[in-house]
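Below is upload-v2.csv, holding CSV, C-alpha atoms.
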```csv
chain,number,residue,atom,x,y,z
A,1,MET,CA,170.6,144.7,109.0
A,2,GLN,CA,171.2,147.5,106.4
A,3,GLU,CA,170.2,147.6,102.8
A,4,PHE,CA,172.1,149.5,100.0
A,5,LEU,CA,171.4,150.2,96.3
A,6,VAL,CA,174.7,149.4,94.4
A,7,GLY,CA,176.2,149.1,91.0
A,8,GLY,CA,174.7,149.8,87.6
A,9,ALA,CA,171.5,151.5,88.8
A,10,ILE,CA,173.5,154.2,90.6
A,11,ARG,CA,176.0,154.5,87.8
A,12,ASP,CA,173.3,155.0,85.2
A,13,LYS,CA,171.3,157.4,87.4
A,14,ILE,CA,174.4,159.7,87.7
A,15,LEU,CA,175.1,159.5,84.0
A,16,GLY,CA,171.4,160.2,83.2
A,17,VAL,CA,170.9,157.1,81.2
A,18,ALA,CA,168.8,155.1,83.7
A,19,THR,CA,165.4,153.9,82.3
A,20,GLU,CA,162.5,151.9,83.8
A,21,LYS,CA,164.3,148.8,82.5
A,22,THR,CA,167.4,149.5,84.5
A,23,GLU,CA,167.8,146.7,87.0
A,24,LYS,CA,168.3,147.5,90.6
A,25,ASP,CA,170.7,145.4,92.8
A,26,TYR,CA,170.9,145.7,96.5
A,27,VAL,CA,173.5,144.6,99.1
A,28,VAL,CA,172.4,143.6,102.5
A,29,VAL,CA,174.9,144.1,105.4
A,30,GLY,CA,174.6,142.4,108.8
A,31,SER,CA,172.2,139.7,107.9
A,32,SER,CA,172.1,136.0,107.2
A,33,PRO,CA,170.3,133.5,104.9
A,34,GLU,CA,168.1,132.5,107.8
A,35,GLU,CA,167.0,136.0,108.5
A,36,MET,CA,166.4,136.8,104.8
A,37,LYS,CA,164.2,133.8,104.5
A,38,SER,CA,162.3,134.6,107.6
A,39,LEU,CA,161.4,138.0,106.0
A,40,GLY,CA,159.9,136.3,103.0
A,41,PHE,CA,162.9,136.5,100.6
A,42,ARG,CA,163.4,133.6,98.2
A,43,GLN,CA,167.0,132.4,97.8
A,44,VAL,CA,168.4,131.8,94.3
A,45,GLY,CA,171.8,130.8,93.1
A,46,LYS,CA,174.1,128.2,94.6
A,47,GLU,CA,177.5,129.9,94.6
A,48,PHE,CA,176.5,132.6,97.0
A,49,PRO,CA,173.3,133.7,98.7
A,50,VAL,CA,171.2,136.0,96.5
A,51,PHE,CA,167.6,136.6,97.4
A,52,LEU,CA,164.5,137.8,95.5
A,53,HIS,CA,162.3,140.4,97.3
A,54,PRO,CA,158.9,138.9,98.0
A,55,GLN,CA,157.0,141.7,96.3
A,56,THR,CA,159.3,143.3,93.7
A,57,ASN,CA,161.5,140.3,92.8
A,58,GLU,CA,164.5,142.6,92.8
A,59,GLU,CA,167.8,141.0,93.8
A,60,TYR,CA,169.3,141.4,97.3
A,61,ALA,CA,172.7,139.9,97.8
A,62,LEU,CA,174.4,139.4,101.2
A,63,ALA,CA,177.6,141.5,101.5
A,64,ARG,CA,180.4,139.1,100.7
A,65,LEU,CA,184.1,138.6,100.4
A,66,GLU,CA,185.6,136.2,97.9
A,67,ARG,CA,188.8,134.2,97.6
A,68,LYS,CA,190.1,132.8,94.3
A,69,VAL,CA,190.7,129.0,94.5
A,70,SER,CA,190.7,128.0,90.8
A,71,LYS,CA,190.5,129.4,87.3
A,72,GLY,CA,187.3,130.9,85.9
A,73,TYR,CA,184.5,133.1,87.2
A,74,LYS,CA,183.2,130.2,89.3
A,75,GLY,CA,186.5,129.5,91.0
A,76,PHE,CA,185.8,131.4,94.2
A,77,GLU,CA,185.0,130.7,97.8
A,78,PHE,CA,182.7,133.2,99.5
A,79,ASP,CA,182.4,134.7,103.0
A,80,THR,CA,178.9,136.1,103.6
A,81,SER,CA,179.1,136.3,107.4
A,82,LYS,CA,177.5,139.2,109.2
A,83,SER,CA,180.9,140.8,109.9
A,84,VAL,CA,181.5,141.6,106.2
A,85,THR,CA,181.2,145.4,105.7
A,86,LEU,CA,179.8,147.3,102.7
A,87,GLU,CA,183.3,148.6,101.8
A,88,GLN,CA,184.6,145.1,101.8
A,89,ASP,CA,181.8,144.1,99.5
A,90,LEU,CA,182.4,147.0,97.1
A,91,SER,CA,186.2,146.2,97.1
A,92,ARG,CA,185.6,143.0,95.2
A,93,ARG,CA,183.7,144.6,92.3
A,94,ASP,CA,185.1,145.0,88.8
A,95,LEU,CA,185.2,148.8,88.0
A,96,THR,CA,185.1,151.8,90.3
A,97,ILE,CA,182.0,153.2,88.6
A,98,ASN,CA,180.2,150.0,89.6
A,99,ALA,CA,181.5,150.2,93.2
A,100,ILE,CA,179.3,153.1,94.4
A,101,ALA,CA,176.5,152.6,96.9
A,102,GLN,CA,173.6,154.6,98.4
A,103,SER,CA,170.9,153.9,100.9
A,104,LYS,CA,168.2,151.6,99.7
A,105,ASN,CA,165.7,154.3,98.7
A,106,GLY,CA,168.3,156.0,96.5
A,107,SER,CA,168.6,159.1,98.7
A,108,GLY,CA,171.4,160.5,100.8
A,109,GLU,CA,175.1,160.7,100.1
A,110,TYR,CA,176.9,158.3,97.8
A,111,ILE,CA,179.2,155.8,99.4
A,112,ASP,CA,182.3,155.8,97.1
A,113,PRO,CA,185.4,154.3,98.7
A,114,PHE,CA,187.2,153.7,95.4
A,115,GLY,CA,186.8,157.0,93.5
A,116,GLY,CA,184.0,155.9,91.2
A,117,LEU,CA,182.3,159.3,91.2
A,118,ASN,CA,185.5,161.0,90.0
A,119,ASP,CA,186.0,158.3,87.3
A,120,LEU,CA,182.4,159.0,86.1
A,121,LYS,CA,183.4,162.7,85.7
A,122,GLN,CA,186.7,161.8,84.0
A,123,LYS,CA,184.8,159.2,81.8
A,124,LYS,CA,187.2,156.4,82.8
A,125,LEU,CA,186.6,152.7,83.1
A,126,ARG,CA,189.1,151.7,85.8
A,127,HIS,CA,189.5,148.6,87.9
A,128,VAL,CA,188.9,148.6,91.6
A,129,SER,CA,191.9,146.5,92.5
A,130,GLU,CA,194.3,143.9,91.1
A,131,ALA,CA,191.7,141.3,92.0
A,132,PHE,CA,190.1,142.4,88.7
A,133,THR,CA,192.2,139.7,87.0
A,134,GLU,CA,190.5,136.9,88.9
A,135,ASP,CA,187.3,136.9,86.9
A,136,PRO,CA,187.6,136.6,83.1
A,137,VAL,CA,184.0,137.8,82.6
A,138,ARG,CA,185.4,141.2,83.4
A,139,ILE,CA,187.1,141.4,80.1
A,140,LEU,CA,183.8,141.0,78.3
A,141,ARG,CA,181.9,143.4,80.7
A,142,THR,CA,184.6,146.1,80.4
A,143,ALA,CA,184.5,145.8,76.6
A,144,ARG,CA,180.7,146.0,76.6
A,145,LEU,CA,180.7,149.1,78.9
A,146,ALA,CA,183.3,150.7,76.7
A,147,SER,CA,180.9,150.1,73.7
A,148,ARG,CA,177.8,151.3,75.7
A,149,PHE,CA,179.4,154.5,76.9
A,150,ASN,CA,181.6,155.3,74.0
A,151,HIS,CA,179.2,158.0,72.8
A,152,LEU,CA,179.6,159.7,76.2
A,153,GLY,CA,183.4,159.7,75.8
A,154,PHE,CA,184.4,156.9,78.1
A,155,THR,CA,187.7,155.1,77.6
A,156,ILE,CA,189.4,152.2,79.4
A,157,ASN,CA,192.2,153.1,81.9
A,158,PRO,CA,195.5,151.9,80.4
A,159,LYS,CA,196.4,149.9,83.5
A,160,THR,CA,193.0,148.2,83.4
A,161,LEU,CA,193.7,147.3,79.8
A,162,ASP,CA,197.0,145.9,80.9
A,163,LEU,CA,195.3,143.7,83.4
A,164,MET,CA,193.0,142.4,80.7
A,165,LYS,CA,196.0,141.5,78.6
A,166,ILE,CA,197.5,139.6,81.6
A,167,MET,CA,194.2,137.6,81.9
A,168,VAL,CA,194.6,136.6,78.3
A,169,ASP,CA,198.2,135.7,78.5
A,170,SER,CA,197.6,133.7,81.7
A,171,GLY,CA,194.9,131.6,80.0
A,172,GLU,CA,192.2,132.9,82.4
A,173,VAL,CA,190.1,134.0,79.4
A,174,ASP,CA,190.1,130.5,78.1
A,175,VAL,CA,187.7,129.2,80.8
A,176,LEU,CA,184.9,131.6,79.8
A,177,THR,CA,181.8,129.6,79.1
A,178,PRO,CA,180.5,129.8,75.5
A,179,GLU,CA,177.0,130.8,76.7
A,180,ARG,CA,178.4,133.8,78.6
A,181,VAL,CA,180.5,134.9,75.7
A,182,PHE,CA,177.5,134.8,73.4
A,183,LYS,CA,175.4,136.7,75.9
A,184,GLU,CA,178.0,139.5,76.2
A,185,ILE,CA,178.3,139.7,72.4
A,186,TYR,CA,174.6,140.0,72.0
A,187,LEU,CA,174.3,142.6,74.7
A,188,SER,CA,177.0,144.6,73.0
A,189,MET,CA,175.1,144.5,69.8
A,190,ASN,CA,172.4,146.6,71.5
A,191,THR,CA,174.8,149.3,72.6
A,192,GLU,CA,175.6,152.6,70.8
A,193,SER,CA,179.0,151.4,69.5
A,194,PRO,CA,179.3,147.6,69.1
A,195,SER,CA,182.5,148.1,67.1
A,196,ILE,CA,184.2,149.3,70.3
A,197,PHE,CA,183.4,145.9,72.0
A,198,PHE,CA,185.3,144.0,69.3
A,199,GLU,CA,188.1,146.5,69.1
A,200,VAL,CA,188.7,146.2,72.8
A,201,LEU,CA,188.7,142.4,72.6
A,202,ILE,CA,191.3,142.7,69.7
A,203,GLU,CA,193.5,145.1,71.6
A,204,SER,CA,193.5,142.9,74.7
A,205,GLY,CA,194.2,139.8,72.7
A,206,ALA,CA,191.0,138.2,73.8
A,207,TYR,CA,189.3,138.2,70.3
A,208,GLN,CA,191.8,135.8,68.8
A,209,ARG,CA,191.5,133.4,71.8
A,210,LEU,CA,187.7,133.5,72.0
A,211,PHE,CA,187.1,133.2,68.3
A,212,PRO,CA,190.0,131.1,66.8
A,213,MET,CA,187.7,129.7,64.1
A,214,LEU,CA,187.4,133.2,62.5
A,215,GLU,CA,189.8,134.6,60.0
A,216,MET,CA,191.5,137.8,61.1
A,217,ASN,CA,190.9,140.1,58.2
A,218,GLN,CA,192.6,143.5,58.5
A,219,ASN,CA,189.7,145.0,56.7
A,220,ILE,CA,187.0,143.9,59.1
A,221,GLU,CA,184.4,146.7,59.1
A,222,PHE,CA,183.4,146.8,62.7
A,223,GLN,CA,182.1,150.4,62.3
A,224,LEU,CA,179.3,149.1,60.1
A,225,LEU,CA,177.8,147.7,63.4
A,226,ASP,CA,177.4,151.2,64.8
A,227,GLN,CA,174.6,152.2,62.4
A,228,PRO,CA,171.5,153.2,64.4
A,229,ASP,CA,168.3,151.2,64.6
A,230,LEU,CA,169.7,147.9,63.6
A,231,ILE,CA,168.5,144.8,65.6
A,232,GLY,CA,170.8,142.2,67.0
A,233,GLU,CA,170.3,139.5,64.3
A,234,VAL,CA,171.3,142.0,61.6
A,235,LYS,CA,174.4,143.3,63.5
A,236,PHE,CA,175.5,139.7,64.2
A,237,ALA,CA,175.3,138.9,60.5
A,238,MET,CA,177.1,142.1,59.6
A,239,TRP,CA,179.9,141.2,62.0
A,240,LEU,CA,180.5,137.9,60.2
A,241,TYR,CA,179.5,138.5,56.6
A,242,GLN,CA,183.1,138.4,55.4
A,243,GLN,CA,183.7,135.0,57.0
A,244,LYS,CA,183.2,131.6,55.3
A,245,SER,CA,179.9,129.9,56.2
A,246,SER,CA,181.9,127.0,57.6
A,247,ASN,CA,183.6,129.4,60.0
A,248,ILE,CA,180.3,130.8,61.1
A,249,GLN,CA,178.9,127.4,61.7
A,250,SER,CA,182.0,126.5,63.8
A,251,LEU,CA,181.6,129.7,65.8
A,252,CYS,CA,177.9,129.3,66.4
A,253,ASP,CA,178.3,125.6,67.3
A,254,HIS,CA,180.9,126.7,69.9
A,255,LEU,CA,178.8,129.6,71.3
A,256,LYS,CA,175.5,127.7,71.1
A,257,CYS,CA,173.9,130.5,69.2
A,258,PRO,CA,170.1,130.3,68.5
A,259,LYS,CA,169.5,128.7,65.1
A,260,ASP,CA,167.8,131.6,63.5
A,261,ILE,CA,170.7,133.9,64.3
A,262,GLN,CA,173.2,131.4,62.9
A,263,GLN,CA,171.2,130.8,59.7
A,264,ILE,CA,170.8,134.5,59.0
A,265,ALA,CA,174.6,135.0,59.4
A,266,GLU,CA,175.4,132.0,57.2
A,267,LEU,CA,173.0,133.0,54.4
A,268,VAL,CA,174.3,136.6,54.4
A,269,SER,CA,177.8,135.2,54.1
A,270,ILE,CA,176.9,132.9,51.2
A,271,TRP,CA,174.6,135.3,49.2
A,272,HIS,CA,175.8,138.9,49.8
A,273,GLY,CA,178.1,138.7,46.8
A,274,PHE,CA,175.5,137.2,44.6
A,275,SER,CA,173.0,139.9,45.7
A,276,SER,CA,175.3,142.7,44.9
A,277,ASP,CA,174.9,142.0,41.2
A,278,PHE,CA,171.6,140.2,41.4
A,279,LEU,CA,170.3,140.9,37.9
A,280,SER,CA,173.4,139.6,36.1
A,281,HIS,CA,172.6,136.0,37.1
A,282,LYS,CA,170.6,133.4,35.1
A,283,PRO,CA,167.0,132.7,36.0
A,284,GLN,CA,167.9,129.3,37.4
A,285,GLU,CA,170.5,130.8,39.7
A,286,ILE,CA,168.1,133.5,40.9
A,287,LEU,CA,165.4,130.8,41.6
A,288,SER,CA,168.0,128.9,43.6
A,289,PHE,CA,168.8,132.0,45.6
A,290,PHE,CA,165.1,132.3,46.7
A,291,LEU,CA,164.8,128.6,47.4
A,292,LYS,CA,168.0,128.2,49.4
A,293,THR,CA,167.3,131.3,51.5
A,294,ASP,CA,163.6,130.2,51.8
A,295,GLY,CA,162.8,133.8,50.8
A,296,LEU,CA,159.4,133.0,49.4
A,297,ARG,CA,158.1,131.4,52.7
A,298,ARG,CA,160.0,132.7,55.7
A,299,GLN,CA,159.1,136.3,55.5
A,300,ARG,CA,160.6,137.8,58.7
A,301,ARG,CA,163.9,135.9,58.3
A,302,PHE,CA,164.2,137.0,54.7
A,303,GLU,CA,163.5,140.6,55.6
A,304,LEU,CA,166.3,140.5,58.1
A,305,ILE,CA,168.6,139.1,55.4
A,306,LEU,CA,167.6,141.9,53.0
A,307,ASN,CA,168.0,144.4,55.8
A,308,THR,CA,171.6,143.2,56.3
A,309,PHE,CA,172.3,143.5,52.6
A,310,GLU,CA,170.9,147.1,52.6
A,311,ASN,CA,173.2,148.0,55.4
A,312,LEU,CA,176.1,146.6,53.4
A,313,LYS,CA,175.1,149.1,50.7
A,314,ILE,CA,173.5,146.5,48.4
A,315,ASP,CA,170.5,147.6,46.4
A,316,THR,CA,167.7,145.1,47.3
A,317,SER,CA,164.9,146.7,45.3
A,318,PRO,CA,165.0,144.2,42.4
A,319,ILE,CA,165.0,141.3,44.9
A,320,VAL,CA,161.9,142.7,46.7
A,321,GLN,CA,160.1,143.4,43.4
A,322,LEU,CA,160.8,140.0,42.0
A,323,LYS,CA,159.8,138.3,45.3
A,324,ILE,CA,156.4,140.0,45.1
A,325,GLN,CA,155.9,138.7,41.6
A,326,LEU,CA,156.9,135.2,42.5
A,327,ASN,CA,154.6,135.2,45.5
A,328,SER,CA,151.7,136.2,43.3
A,329,ILE,CA,151.8,133.0,41.4
A,330,LYS,CA,148.6,131.1,42.1
A,331,ILE,CA,148.8,127.3,42.3
A,332,THR,CA,145.2,127.1,41.2
A,333,ASP,CA,146.2,128.6,37.8
A,334,LEU,CA,148.5,125.7,37.1
A,335,LYS,CA,147.5,122.5,35.2
A,336,ASN,CA,148.0,120.4,38.3
A,337,LEU,CA,149.7,117.5,36.4
A,338,ASN,CA,153.0,117.9,38.1
A,339,ILE,CA,152.7,120.8,40.6
A,340,ALA,CA,156.4,121.0,41.6
A,341,GLN,CA,157.7,121.0,38.0
A,342,GLU,CA,155.0,123.4,36.8
A,343,LEU,CA,155.6,125.8,39.7
A,344,ALA,CA,159.3,125.8,39.0
A,345,GLU,CA,158.8,126.5,35.3
A,346,GLU,CA,156.3,129.3,36.0
A,347,ARG,CA,158.8,130.8,38.5
A,348,LEU,CA,161.6,130.7,35.9
A,349,SER,CA,159.3,132.3,33.4
A,350,VAL,CA,158.5,135.1,35.8
A,351,ILE,CA,162.2,135.7,36.6
A,352,ALA,CA,163.2,135.7,32.9
A,353,ARG,CA,160.5,138.3,32.1
A,354,PHE,CA,161.5,140.4,35.1
A,355,ILE,CA,165.2,140.4,34.0
A,356,ASP,CA,164.2,141.4,30.4
A,357,SER,CA,162.0,144.2,31.8
A,358,THR,CA,165.0,145.8,33.5
A,359,LYS,CA,167.3,145.9,30.5
```
structure tokens encoding of this file:
Amino acid sequence: MQEFLVGGAIRDKILGVATEKTEKDYVVVGSSPEEMKSLGFRQVGKEFPVFLHPQTNEEYALARLERKVSKGYKGFEFDTSKSVTLEQDLSRRDLTINAIAQSKNGSGEYIDPFGGLNDLKQKKLRHVSEAFTEDPVRILRTARLASRFNHLGFTINPKTLDLMKIMVDSGEVDVLTPERVFKEIYLSMNTESPSIFFEVLIESGAYQRLFPMLEMNQNIEFQLLDQPDLIGEVKFAMWLYQQKSSNIQSLCDHLKCPKDIQQIAELVSIWHGFSSDFLSHKPQEILSFFLKTDGLRRQRRFELILNTFENLKIDTSPIVQLKIQLNSIKITDLKNLNIAQELAEERLSVIARFIDSTK
């Protein structure tokens, strides 16, 4: 029984981008499920034997071979017998830079049968073999790694991009689960260059197949997503702000997006134009804006909406100032005859005075 550190942890260590949060994955050669369990490992996953270390909870997978039997990333049969070698296991991985191994403790020479070390030097994302086309998740992962490492100068090997196009043309991309697509989108939002993720999907043809409900606008400003220090909800809304709210709803229904993320994106789509000339609107329209965005109650969500507006170069200072004044209205100062009507009238009065003060 031999244990090896593999994949992203080695890649990131070589690139100098590894952090404490970098997950470590291990491959076990020459063992069996029974032996792993006898050592205290807990088995997880049904498709193939993966085990959690009894102390660290890190993942240990038995070395395996796989054979494609149907479409999709679940359409495989696995061989995890003791005879499977480390090189055979590495041969089934997606990119060469993810097919490097080292002894479990991270010391000693690198085991690199497919030229991953050279591709790290050359800053290339290159497939290990033609078997790359058998798993459609690799389209998303390659696009995400291109976005993550774009600032380091990484590009996708042309032949690898050709294989991605083949996967689209063959319909393999169509069997991706919505949950996995959303996960990869959201992970890409936390990279240095989310724009690259979407540009790769467009170049491969996958964008149109994955998001048929979205309008393909030639002026989509993906580069806006590359602004530093933006959180995922804001980037997601900025990606979709030019889309109709009905398109966003269709997309999020399909991808099973969290409701807060969907609502922020929809509200940005509906109200960004209104907010760009905020003070030109009538008091009733402005009050409607605050009520329909729930801006006077849901503080964090409204701050994210305003943050999105700001990164779309919209001046939100009058919105913020007026919000403060509206929130300062005290219910106890009203006559209490018809609270709802009195509150609406007082808010309209505050808005009217605010507009007059800015003229």
Checklist entry - Pick from A:Ala143, A:Ala206, A:Ile286, A:Leu251: nearest to Pro178 in chain A, with all atoms listed in the file counted? => result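 Ranking A:Ala143, A:Ala206, A:Ile286, A:Leu251 by distance to Pro178 in chain A, first place goes to A:Leu251.
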Item to check | Best match for closeness to Gln249 in chain A among A:Asp356, A:Asp294, A:Glu266, A:Glu192, counting all atoms listed in the file | outcome: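 Between A:Asp356, A:Asp294, A:Glu266, A:Glu192, the residue approaching Gln249 in chain A most closely is A:Glu266.
Computed from the coordinates, the CA of Gly16 in chain A to CA of Ile196 in chain A distance equals 21.2 Å.
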Next on the checklist: Between A:Phe198, A:Phe41, A:Phe236, A:Phe274, which residue has the minimum interatomic distance to Arg144 in chain A, considering all atoms listed in the file?
Outcome noted: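 Among the listed residues, A:Phe198 lies closest to Arg144 in chain A.
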Checklist entry - So how far away is CA of Ile202 in chain A from CA of Lys256 in chain A, in Å? => result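 Atom-to-atom, CA of Lys256 in chain A to CA of Ile202 in chain A, that is 21.8 Å.
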Can you fill out range 207-229 of chain A with N, CA and C atoms and hand it back as a short mmCIF file (atom, residue, chain, number, x, y, z; two decimals), in the coordinates of the input?
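Resulting contents of rebuild.cif:
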```cif
data_model
loop_
_atom_site.label_atom_id
_atom_site.label_comp_id
_atom_site.auth_asym_id
_atom_site.auth_seq_id
_atom_site.Cartn_x
_atom_site.Cartn_y
_atom_site.Cartn_z
N TYR A 207 190.11 138.56 71.53
CA TYR A 207 189.30 138.20 70.30
C TYR A 207 189.88 136.95 69.67
N GLN A 208 191.17 136.91 69.49
CA GLN A 208 191.80 135.80 68.80
C GLN A 208 191.64 134.49 69.66
N ARG A 209 191.63 134.62 70.98
CA ARG A 209 191.50 133.40 71.80
C ARG A 209 190.06 132.96 71.91
N LEU A 210 189.12 133.90 71.89
CA LEU A 210 187.70 133.50 72.00
C LEU A 210 187.15 133.02 70.68
N PHE A 211 187.68 133.53 69.56
CA PHE A 211 187.10 133.20 68.30
C PHE A 211 188.22 132.66 67.31
N PRO A 212 188.91 131.58 67.67
CA PRO A 212 190.00 131.10 66.80
C PRO A 212 189.56 130.57 65.49
N MET A 213 188.27 130.26 65.37
CA MET A 213 187.70 129.70 64.10
C MET A 213 187.51 130.84 63.07
N LEU A 214 187.58 132.10 63.48
CA LEU A 214 187.40 133.20 62.50
C LEU A 214 188.67 133.66 61.93
N GLU A 215 188.60 134.04 60.67
CA GLU A 215 189.80 134.60 60.00
C GLU A 215 189.95 136.05 60.40
N MET A 216 191.17 136.40 60.74
CA MET A 216 191.50 137.80 61.10
C MET A 216 191.78 138.60 59.89
N ASN A 217 190.78 139.28 59.40
CA ASN A 217 190.90 140.10 58.20
C ASN A 217 191.21 141.54 58.67
N GLN A 218 192.27 142.12 58.13
CA GLN A 218 192.60 143.50 58.50
C GLN A 218 191.58 144.50 58.10
N ASN A 219 190.69 144.10 57.19
CA ASN A 219 189.70 145.00 56.70
C ASN A 219 188.30 144.77 57.30
N ILE A 220 188.26 144.10 58.45
CA ILE A 220 187.00 143.90 59.10
C ILE A 220 186.33 145.24 59.41
N GLU A 221 185.11 145.41 58.95
CA GLU A 221 184.40 146.70 59.10
C GLU A 221 183.54 146.76 60.29
N PHE A 222 184.16 146.78 61.45
CA PHE A 222 183.40 146.80 62.70
C PHE A 222 182.48 148.02 62.78
N GLN A 223 182.91 149.14 62.15
CA GLN A 223 182.10 150.40 62.30
C GLN A 223 180.75 150.25 61.63
N LEU A 224 180.58 149.29 60.72
CA LEU A 224 179.30 149.10 60.10
C LEU A 224 178.23 148.72 61.21
N LEU A 225 178.69 148.13 62.30
CA LEU A 225 177.80 147.70 63.40
C LEU A 225 177.22 148.89 64.14
N ASP A 226 177.82 150.07 63.98
CA ASP A 226 177.40 151.20 64.80
C ASP A 226 176.26 152.00 64.12
N GLN A 227 175.73 151.49 63.01
CA GLN A 227 174.60 152.20 62.40
C GLN A 227 173.38 152.08 63.31
N PRO A 228 172.66 153.17 63.46
CA PRO A 228 171.50 153.20 64.40
C PRO A 228 170.35 152.34 63.92
N ASP A 229 169.55 151.91 64.87
CA ASP A 229 168.30 151.20 64.60
C ASP A 229 168.40 149.87 63.97
#
```
